[in-house]
Amino acid sequence: MTGLINIGFGNMINTNKVIAIVSPDSAPVKRMVQNARDEGTAIDATQGRKTKAVIMMENRQIVLSALLPETISSRFHLEKGVEDE
């Protein structure tokens with residue numbers, strides 16, 4: 001079953017395709033984001049706000065979110081908990 005979670009401003013991602021949710025502060029993540037932007041594989045879901053989370057998808061796409069990684073993770077776990085019941 002496909003689960004979708006809100007990553008801010010009504011944007012949703014497929015939980016089955018998420019590999020990692022990380023903070024954008026480190027230099028390696030910043031390079032990854034820039035490379036994804038250059039290659040056209042970055043999806044900016046921040047609505048012009050500061051990027052607070054970088055979501056790495058299994059198809060090598062990177063999704064940028066204005067929500068904190070902890071917020072997205074808690075939504076991910078809430079959705080998984082509902083699915084398990």
# chains A, B, ... in the order shown; residues from 1 in each chain; ligands from 1

$ residues_around --residues "A:Ile5" --least-positions-apart "5" --cutoff "9 Å" --atoms "only C-alpha atoms" --output "compact mmCIF listing (two decimals) with N, CA, C and O atoms, in the first residue's frame"
# COMPACT_ATOMS: atom_id res chain seq x y z
N ASN A 11 2.23 19.66 -0.25
CA ASN A 11 3.05 18.78 -1.08
C ASN A 11 3.20 17.42 -0.38
O ASN A 11 3.41 17.36 0.83
N MET A 12 3.08 16.36 -1.17
CA MET A 12 3.11 15.00 -0.61
C MET A 12 4.22 14.20 -1.28
O MET A 12 4.57 14.44 -2.44
N ILE A 13 4.77 13.23 -0.51
CA ILE A 13 5.74 12.29 -1.08
C ILE A 13 5.31 10.87 -0.74
O ILE A 13 4.61 10.64 0.25
N ASN A 14 5.75 9.94 -1.56
CA ASN A 14 5.47 8.53 -1.36
C ASN A 14 6.44 7.98 -0.31
O ASN A 14 7.66 7.98 -0.53
N THR A 15 5.93 7.50 0.80
CA THR A 15 6.78 7.02 1.89
C THR A 15 7.56 5.77 1.51
O THR A 15 8.61 5.51 2.09
N ILE A 72 9.03 15.89 9.67
CA ILE A 72 8.72 14.95 8.60
C ILE A 72 8.83 13.52 9.11
O ILE A 72 7.98 12.68 8.83
N ARG A 75 5.80 12.60 11.16
CA ARG A 75 4.66 12.34 10.28
C ARG A 75 4.80 10.98 9.61
O ARG A 75 3.82 10.25 9.44
N PHE A 76 6.02 10.65 9.24
CA PHE A 76 6.30 9.35 8.61
C PHE A 76 5.95 8.22 9.58
O PHE A 76 5.28 7.27 9.22
N GLU A 79 2.16 7.92 10.15
CA GLU A 79 1.50 7.27 9.01
C GLU A 79 1.77 5.76 9.04
O GLU A 79 0.89 4.97 8.79

$ closest_atom_pairs --of "stretch 44-83 of chain A" --to "stretch 18-40 of chain A" --cutoff "7 Å" --atoms "only C-alpha atoms" --output "JSON lines"
{"residue": "A:Lys52", "atom": "CA", "partner": "A:Ser23", "partner_atom": "CA", "distance": 6.2}
{"residue": "A:Ala53", "atom": "CA", "partner": "A:Ser23", "partner_atom": "CA", "distance": 4.9}
{"residue": "A:Val54", "atom": "CA", "partner": "A:Val22", "partner_atom": "CA", "distance": 5.2}
{"residue": "A:Ile55", "atom": "CA", "partner": "A:Ile21", "partner_atom": "CA", "distance": 4.5}
{"residue": "A:Met56", "atom": "CA", "partner": "A:Ala20", "partner_atom": "CA", "distance": 5.2}
{"residue": "A:Met57", "atom": "CA", "partner": "A:Val18", "partner_atom": "CA", "distance": 4.6}
{"residue": "A:Glu58", "atom": "CA", "partner": "A:Ile19", "partner_atom": "CA", "distance": 5.9}
{"residue": "A:Ile62", "atom": "CA", "partner": "A:Ala36", "partner_atom": "CA", "distance": 6.8}
{"residue": "A:Pro69", "atom": "CA", "partner": "A:Ile21", "partner_atom": "CA", "distance": 6.0}

$ select_by_dssp --residues "chain A" --states "strand (DSSP E or B)" --output "JSON list (two decimals) with C-alpha atoms, in the first residue's frame"
[["chain", "number", "residue", "atom", "x", "y", "z"],
["A", 4, "LEU", "CA", 1.76, 9.65, 1.28],
["A", 5, "ILE", "CA", 2.93, 12.20, 3.83],
["A", 6, "ASN", "CA", 2.64, 15.96, 3.74],
["A", 12, "MET", "CA", 3.11, 15.00, -0.61],
["A", 13, "ILE", "CA", 5.74, 12.29, -1.08],
["A", 14, "ASN", "CA", 5.47, 8.53, -1.36],
["A", 18, "VAL", "CA", 12.12, 7.59, 0.84],
["A", 19, "ILE", "CA", 15.70, 6.59, 1.58],
["A", 20, "ALA", "CA", 16.72, 9.35, 4.00],
["A", 21, "ILE", "CA", 15.62, 12.65, 5.51],
["A", 22, "VAL", "CA", 18.60, 14.85, 6.39],
["A", 42, "ALA", "CA", 15.86, 18.39, -7.38],
["A", 43, "ILE", "CA", 12.25, 19.06, -6.48],
["A", 44, "ASP", "CA", 11.83, 22.28, -4.51],
["A", 53, "ALA", "CA", 15.11, 19.19, 5.23],
["A", 54, "VAL", "CA", 16.46, 17.28, 2.25],
["A", 55, "ILE", "CA", 14.57, 14.10, 1.39],
["A", 56, "MET", "CA", 16.47, 11.56, -0.67],
["A", 57, "MET", "CA", 14.30, 9.34, -2.83],
["A", 62, "ILE", "CA", 16.08, 15.00, -3.99],
["A", 63, "VAL", "CA", 13.08, 16.79, -2.49],
["A", 64, "LEU", "CA", 13.62, 20.03, -0.55],
["A", 65, "SER", "CA", 11.22, 20.87, 2.27]]

$ select_by_dssp --residues "stretch 50-82 of chain A" --states "helix (DSSP H, G or I)" --output "list in words"
Pro69, Glu70, Thr71, Ile72, Ser73, Ser74, Arg75, Phe76, His77, Leu78, Glu79, Lys80, Gly81 and Val82 of chain A

$ closest_residue --among "A:Asn16, A:Ile7, A:Thr51, A:Thr41" --to "A:Ser73" --atoms "only C-alpha atoms"
A:Ile7

$ closest_residue --among "A:Ala66, A:Ser74, A:Lys80, A:Thr46" --to "A:Gly3" --atoms "only C-alpha atoms"
A:Lys80
